[in-house]
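First up is the structure itself, then whatever we jot down about it.
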Amino acid sequence: MGMTERVLMAADVRDGSAPRRALRSAGPKPIVADAGEARPLYAITSVDNALQLVRLLERDGIVRVSDAAAELGVAKSTAHRLLGMLCYRDFARKDEDHTYRRGPALGASARRPGLRDSLSVVAAPVLERLRREFDETVHLLVLRQTQVEFLASLECTQSLRVSSRAGALMDAYRTSGGQALLAMLPHAELARRFPEGIPDAGLDLNGLRRALAEVRRRGYGINEGLTERGVVAIGASVIGVDMQPVAALCVSAPAFRLQRRRFPQAAQILRQHVSLLEDELAQVSARATG
């Protein structure tokens, strides 16, 4: 049985979806069919939704029920049932924190090289320079819906240090780099990603917008004990050639070594390295298109 047949079987659920939103919020383009392929006259909504979730898992690797519901414009209960069927047919796997990841049926596409792989390679020399500059642990991370994924970490040489976060997923608003990336999103896109605010932080959408406006004004995010007691971090977003944020660079350290009074000076150095990475990405893009 081929992949398409298995996807169709996984999507054979009762369609209890809510009406689709008439307009999509500004932000990343929704997953659509290739140009020239018209929507079938008798489209099966549940199949379409399931296939979109497969594409979302292929693209981002992880998804939450709330993210899936927002992407499809359906109720959370409908998104939950669709993801459950994808798990049943091995297209997804459910983590203990209720996050869904690529399943074995998408294993090949998970290993396919892409932007994130090349990003880690291009960023490696800049990360090394940043680590030497501070002699603190440094990170490269990307935004995945409402979370960030740490693509790479380089630990410092000091005995008391922040450990590597490579491969970890964390709530974006809790990390300095995640704050910097969220601050670059339009208001409509924030509303799409956080339809109910941040429950465990007691923030509504307006509170989140105010906090991110301060991050934009300052030019970098700050994490003071939000992910680990006694640890602080600063992070700044990396802008790609299309003028969209593609990643963030962060420096994390014990709070007694990276004190608040040092943040502005440290952020200036951090932004210098961000500029170096942006230049490297522009050169890679120019070579690829030239």
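Naming scheme: A, B, ... for chains in displayed order of the structure tokens; residues 1 onward per chain; ligands 1 onward as shown.
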
Inset, instruction - Could you please write out, as a list in words, every residue of segment 52-153 of chain A that DSSP assigns to strand (DSSP E)? - result: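 Put together, the selection reads Ile62, Val63, Arg64, Ala92, Arg93, Lys94, Thr99, Tyr100, Arg101, Arg102, Thr137, Val138, His139, Leu140, Leu141, Val142, Leu143, Arg144, Gln147, Val148, Glu149, Phe150, Leu151, Ala152 and Ser153 of chain A.
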
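Using only C-alpha atoms, the residues found no farther than 6 Å from segment 220-237 of chain A, other than those of its own chain fewer than 4 positions away, are A:Arg174, A:Thr175, A:Ser176, A:Gly177, A:Gln179, A:Ala180, A:Leu181, A:Val215, A:Ala247, A:Ala248, A:Leu249, A:Cys250, A:Val251, A:Ser252, A:Ala253, A:Pro254, A:Ala255.
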
Would you mind exporting the chosen residues as a short mmCIF file (atom, residue, chain, number, x, y, z; two decimals), in the first residue's frame, restricted to C-alpha atoms?
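Below is the file again-v3.cif, written as the result:
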```cif
data_model
loop_
_atom_site.label_atom_id
_atom_site.label_comp_id
_atom_site.auth_asym_id
_atom_site.auth_seq_id
_atom_site.Cartn_x
_atom_site.Cartn_y
_atom_site.Cartn_z
CA ARG A 174 10.25 31.56 27.76
CA THR A 175 13.51 31.73 25.79
CA SER A 176 15.41 34.85 24.83
CA GLY A 177 15.78 33.78 21.20
CA GLN A 179 11.07 36.16 22.27
CA ALA A 180 13.23 37.80 19.60
CA LEU A 181 11.64 35.65 16.88
CA VAL A 215 11.70 43.15 22.93
CA ALA A 247 16.76 31.81 13.38
CA ALA A 248 18.11 33.34 16.58
CA LEU A 249 21.49 33.39 18.29
CA CYS A 250 21.59 33.25 22.10
CA VAL A 251 24.15 33.50 24.89
CA SER A 252 23.27 31.83 28.20
CA ALA A 253 25.18 31.89 31.48
CA PRO A 254 24.84 31.65 35.26
CA ALA A 255 23.07 34.78 36.49
#
```

For Ser66 of chain A, list every protein, DNA or RNA residue within 9 Å, evaluated using only C-alpha atoms, and leave out those in the same chain fewer than 6 positions away; present the list as a compact mmCIF listing (two decimals) with N, CA and C atoms, in the first residue's frame.
```txt
# COMPACT_ATOMS: atom_id res chain seq x y z
N ALA A 75 -12.25 23.17 14.78
CA ALA A 75 -12.28 23.06 16.23
C ALA A 75 -11.14 22.17 16.72
N LYS A 76 -10.71 22.40 17.97
CA LYS A 76 -9.63 21.60 18.53
C LYS A 76 -9.99 20.12 18.58
N ALA A 79 -9.26 18.67 15.21
CA ALA A 79 -7.82 18.52 15.02
C ALA A 79 -7.29 17.34 15.83
N HIS A 80 -7.81 17.18 17.05
CA HIS A 80 -7.37 16.08 17.90
C HIS A 80 -7.70 14.73 17.27
N ARG A 193 -1.22 32.04 16.15
CA ARG A 193 -0.42 31.06 16.89
C ARG A 193 -0.83 30.94 18.35
N PHE A 194 -1.30 32.03 18.92
CA PHE A 194 -1.70 32.04 20.33
C PHE A 194 -3.16 32.48 20.45
N PRO A 195 -4.10 31.68 19.97
CA PRO A 195 -5.51 32.11 19.99
C PRO A 195 -6.06 32.31 21.40
```

Counting only C-alpha atoms, the residue among A:Gln244, A:Gln265, A:Glu136, A:Thr146 that lies closest to Gln158 of chain A is A:Glu136

- What lies within 12 Å of Val274 of chain A using only C-alpha atoms, ignoring chain neighbours under 3 positions off, as a PyMOL selection string? chain A and resi 123+125-127+129-130+139-140+177+219-220+235-240+245-251+267-271+277-281

Those selected residues, please, written with N, CA and C atoms and delivered as a tab-separated table (two decimals), in the first residue's frame.
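Written output follows (result-v1.tsv):
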```tsv
chain	number	residue	atom	x	y	z
A	123	ALA	N	26.10	28.39	10.25
A	123	ALA	CA	26.20	29.10	11.53
A	123	ALA	C	27.35	28.60	12.40
A	125	PRO	N	30.72	28.33	12.30
A	125	PRO	CA	31.87	29.19	12.60
A	125	PRO	C	31.49	30.43	13.41
A	126	VAL	N	30.30	30.97	13.15
A	126	VAL	CA	29.85	32.15	13.89
A	126	VAL	C	29.57	31.78	15.34
A	127	LEU	N	28.96	30.62	15.56
A	127	LEU	CA	28.72	30.15	16.93
A	127	LEU	C	30.03	29.98	17.69
A	129	ARG	N	32.86	31.55	17.16
A	129	ARG	CA	33.39	32.88	17.47
A	129	ARG	C	32.65	33.51	18.65
A	130	LEU	N	31.32	33.33	18.66
A	130	LEU	CA	30.51	33.88	19.74
A	130	LEU	C	30.86	33.23	21.07
A	139	HIS	N	23.85	29.30	21.58
A	139	HIS	CA	22.85	28.44	20.93
A	139	HIS	C	22.39	29.04	19.60
A	140	LEU	N	21.98	28.15	18.72
A	140	LEU	CA	21.28	28.50	17.48
A	140	LEU	C	19.93	27.83	17.54
A	177	GLY	N	15.84	33.83	22.66
A	177	GLY	CA	15.78	33.78	21.20
A	177	GLY	C	14.36	33.63	20.69
A	219	GLY	N	15.69	45.30	21.01
A	219	GLY	CA	16.50	44.65	19.99
A	219	GLY	C	16.96	43.25	20.36
A	220	TYR	N	16.57	42.77	21.52
A	220	TYR	CA	16.95	41.42	21.94
A	220	TYR	C	16.01	40.94	23.05
A	235	GLY	N	19.05	36.90	23.56
A	235	GLY	CA	18.97	36.35	22.21
A	235	GLY	C	18.49	37.38	21.21
A	236	ALA	N	18.98	37.27	19.99
A	236	ALA	CA	18.60	38.20	18.91
A	236	ALA	C	18.28	37.40	17.66
A	237	SER	N	17.35	37.91	16.87
A	237	SER	CA	16.90	37.21	15.67
A	237	SER	C	17.84	37.44	14.50
A	238	VAL	N	17.91	36.43	13.64
A	238	VAL	CA	18.72	36.47	12.42
A	238	VAL	C	17.77	36.63	11.24
A	239	ILE	N	18.01	37.65	10.41
A	239	ILE	CA	17.12	37.95	9.29
A	239	ILE	C	17.71	37.38	8.00
A	240	GLY	N	16.88	36.67	7.24
A	240	GLY	CA	17.33	36.08	5.99
A	240	GLY	C	17.29	37.06	4.83
A	245	PRO	N	12.65	36.60	9.58
A	245	PRO	CA	13.50	35.95	10.58
A	245	PRO	C	13.63	34.46	10.30
A	246	VAL	N	14.85	33.95	10.32
A	246	VAL	CA	15.08	32.53	10.04
A	246	VAL	C	15.59	31.77	11.25
A	247	ALA	N	16.18	32.47	12.22
A	247	ALA	CA	16.76	31.81	13.38
A	247	ALA	C	17.08	32.87	14.44
A	248	ALA	N	17.64	32.42	15.54
A	248	ALA	CA	18.11	33.34	16.58
A	248	ALA	C	19.41	32.81	17.16
A	249	LEU	N	20.27	33.72	17.57
A	249	LEU	CA	21.49	33.39	18.29
A	249	LEU	C	21.30	33.81	19.75
A	250	CYS	N	21.77	32.97	20.67
A	250	CYS	CA	21.59	33.25	22.10
A	250	CYS	C	22.89	32.99	22.86
A	251	VAL	N	23.06	33.72	23.93
A	251	VAL	CA	24.15	33.50	24.89
A	251	VAL	C	23.49	33.25	26.24
A	267	ALA	N	24.61	42.50	24.41
A	267	ALA	CA	23.71	42.48	23.25
A	267	ALA	C	24.36	43.11	22.03
A	268	GLN	N	25.18	44.13	22.25
A	268	GLN	CA	25.87	44.76	21.13
A	268	GLN	C	26.82	43.77	20.46
A	269	ILE	N	27.54	43.01	21.27
A	269	ILE	CA	28.44	41.99	20.73
A	269	ILE	C	27.65	40.88	20.04
A	270	LEU	N	26.56	40.50	20.66
A	270	LEU	CA	25.71	39.47	20.06
A	270	LEU	C	25.21	39.90	18.70
A	271	ARG	N	24.75	41.14	18.58
A	271	ARG	CA	24.22	41.60	17.30
A	271	ARG	C	25.32	41.66	16.23
A	277	LEU	N	26.43	36.29	10.67
A	277	LEU	CA	25.67	35.15	10.18
A	277	LEU	C	24.74	35.57	9.04
A	278	GLU	N	24.14	36.74	9.15
A	278	GLU	CA	23.28	37.22	8.07
A	278	GLU	C	24.08	37.41	6.79
A	279	ASP	N	25.31	37.92	6.90
A	279	ASP	CA	26.17	38.08	5.73
A	279	ASP	C	26.51	36.72	5.11
A	280	GLU	N	26.80	35.74	5.97
A	280	GLU	CA	27.12	34.39	5.47
A	280	GLU	C	25.92	33.79	4.74
A	281	LEU	N	24.74	33.95	5.31
A	281	LEU	CA	23.53	33.42	4.66
A	281	LEU	C	23.28	34.09	3.33
```

Set the distance at 9 Å and use only C-alpha atoms: which residues neighbour Arg209 of chain A once local chain neighbours fewer than 6 positions away are removed? I'd like the list as a ChimeraX atom specification. /A:183,187,190

Dump N, CA and C atoms for the selected residues as a PDB file, in the first residue's frame?
```
ATOM      1  N   ALA A 183       8.791  38.425  18.373  1.00  0.00           N
ATOM      2  CA  ALA A 183       8.650  39.879  18.257  1.00  0.00           C
ATOM      3  C   ALA A 183       8.649  40.340  16.802  1.00  0.00           C
ATOM      4  N   HIS A 187       0.997  41.159  14.180  1.00  0.00           N
ATOM      5  CA  HIS A 187      -0.001  40.927  15.217  1.00  0.00           C
ATOM      6  C   HIS A 187      -0.984  39.823  14.819  1.00  0.00           C
ATOM      7  N   LEU A 190       0.550  36.450  15.385  1.00  0.00           N
ATOM      8  CA  LEU A 190       0.582  36.107  16.811  1.00  0.00           C
ATOM      9  C   LEU A 190      -0.778  35.587  17.258  1.00  0.00           C
TER      10      LEU A 190
END
```

Margin query: So, with only C-alpha atoms as the atoms that count, which of A:Val122, A:Ala105, A:Leu205, A:Ala69 lies closest to Tyr88 of chain A?
Written below: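 Among A:Val122, A:Ala105, A:Leu205, A:Ala69, it is A:Ala105 that comes nearest to Tyr88 of chain A.
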
Query - Backbone DSSP call of alpha helix (DSSP H) for segment 47-95 of chain A, listed as a ChimeraX atom specification - result: /A:47-60,65-72,76-88

Take the residues just selected and output them with C-alpha atoms as a tab-separated table (two decimals), in the first residue's frame.
```tsv
chain	number	residue	atom	x	y	z
A	47	VAL	CA	-9.16	14.05	3.70
A	48	ASP	CA	-7.97	17.53	2.80
A	49	ASN	CA	-7.44	18.38	6.48
A	50	ALA	CA	-5.51	15.17	7.13
A	51	LEU	CA	-3.27	15.75	4.12
A	52	GLN	CA	-2.59	19.32	5.25
A	53	LEU	CA	-1.54	17.98	8.65
A	54	VAL	CA	0.81	15.52	6.95
A	55	ARG	CA	2.35	18.43	5.04
A	56	LEU	CA	2.60	20.43	8.28
A	57	LEU	CA	4.42	17.56	10.00
A	58	GLU	CA	6.74	17.23	7.00
A	59	ARG	CA	7.50	20.95	7.10
A	60	ASP	CA	7.83	21.60	10.84
A	65	VAL	CA	-3.50	20.42	18.68
A	66	SER	CA	-4.08	24.17	19.02
A	67	ASP	CA	-1.60	24.86	16.19
A	68	ALA	CA	-3.26	22.28	13.95
A	69	ALA	CA	-6.73	23.70	14.67
A	70	ALA	CA	-5.53	27.24	13.87
A	71	GLU	CA	-3.80	26.10	10.67
A	72	LEU	CA	-6.89	24.27	9.40
A	76	LYS	CA	-9.63	21.60	18.53
A	77	SER	CA	-11.70	18.43	18.92
A	78	THR	CA	-11.58	17.92	15.15
A	79	ALA	CA	-7.82	18.52	15.02
A	80	HIS	CA	-7.37	16.08	17.90
A	81	ARG	CA	-9.29	13.34	16.07
A	82	LEU	CA	-7.35	13.90	12.84
A	83	LEU	CA	-4.02	13.73	14.65
A	84	GLY	CA	-5.20	10.60	16.43
A	85	MET	CA	-5.83	8.91	13.09
A	86	LEU	CA	-2.41	9.99	11.82
A	87	CYS	CA	-0.90	8.37	14.92
A	88	TYR	CA	-2.92	5.21	14.23
```

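Between atom CA of Asp200 of chain A and atom CA of Phe150 of chain A lies a distance of 21.8 Å.
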
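Counting from atom CA of Glu189 of chain A, the distance to atom CA of Ala172 of chain A is 14.3 Å.
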
As a check of understanding: the span from atom CA of Ala152 of chain A to atom CA of Ala166 of chain A is 4.8 Å
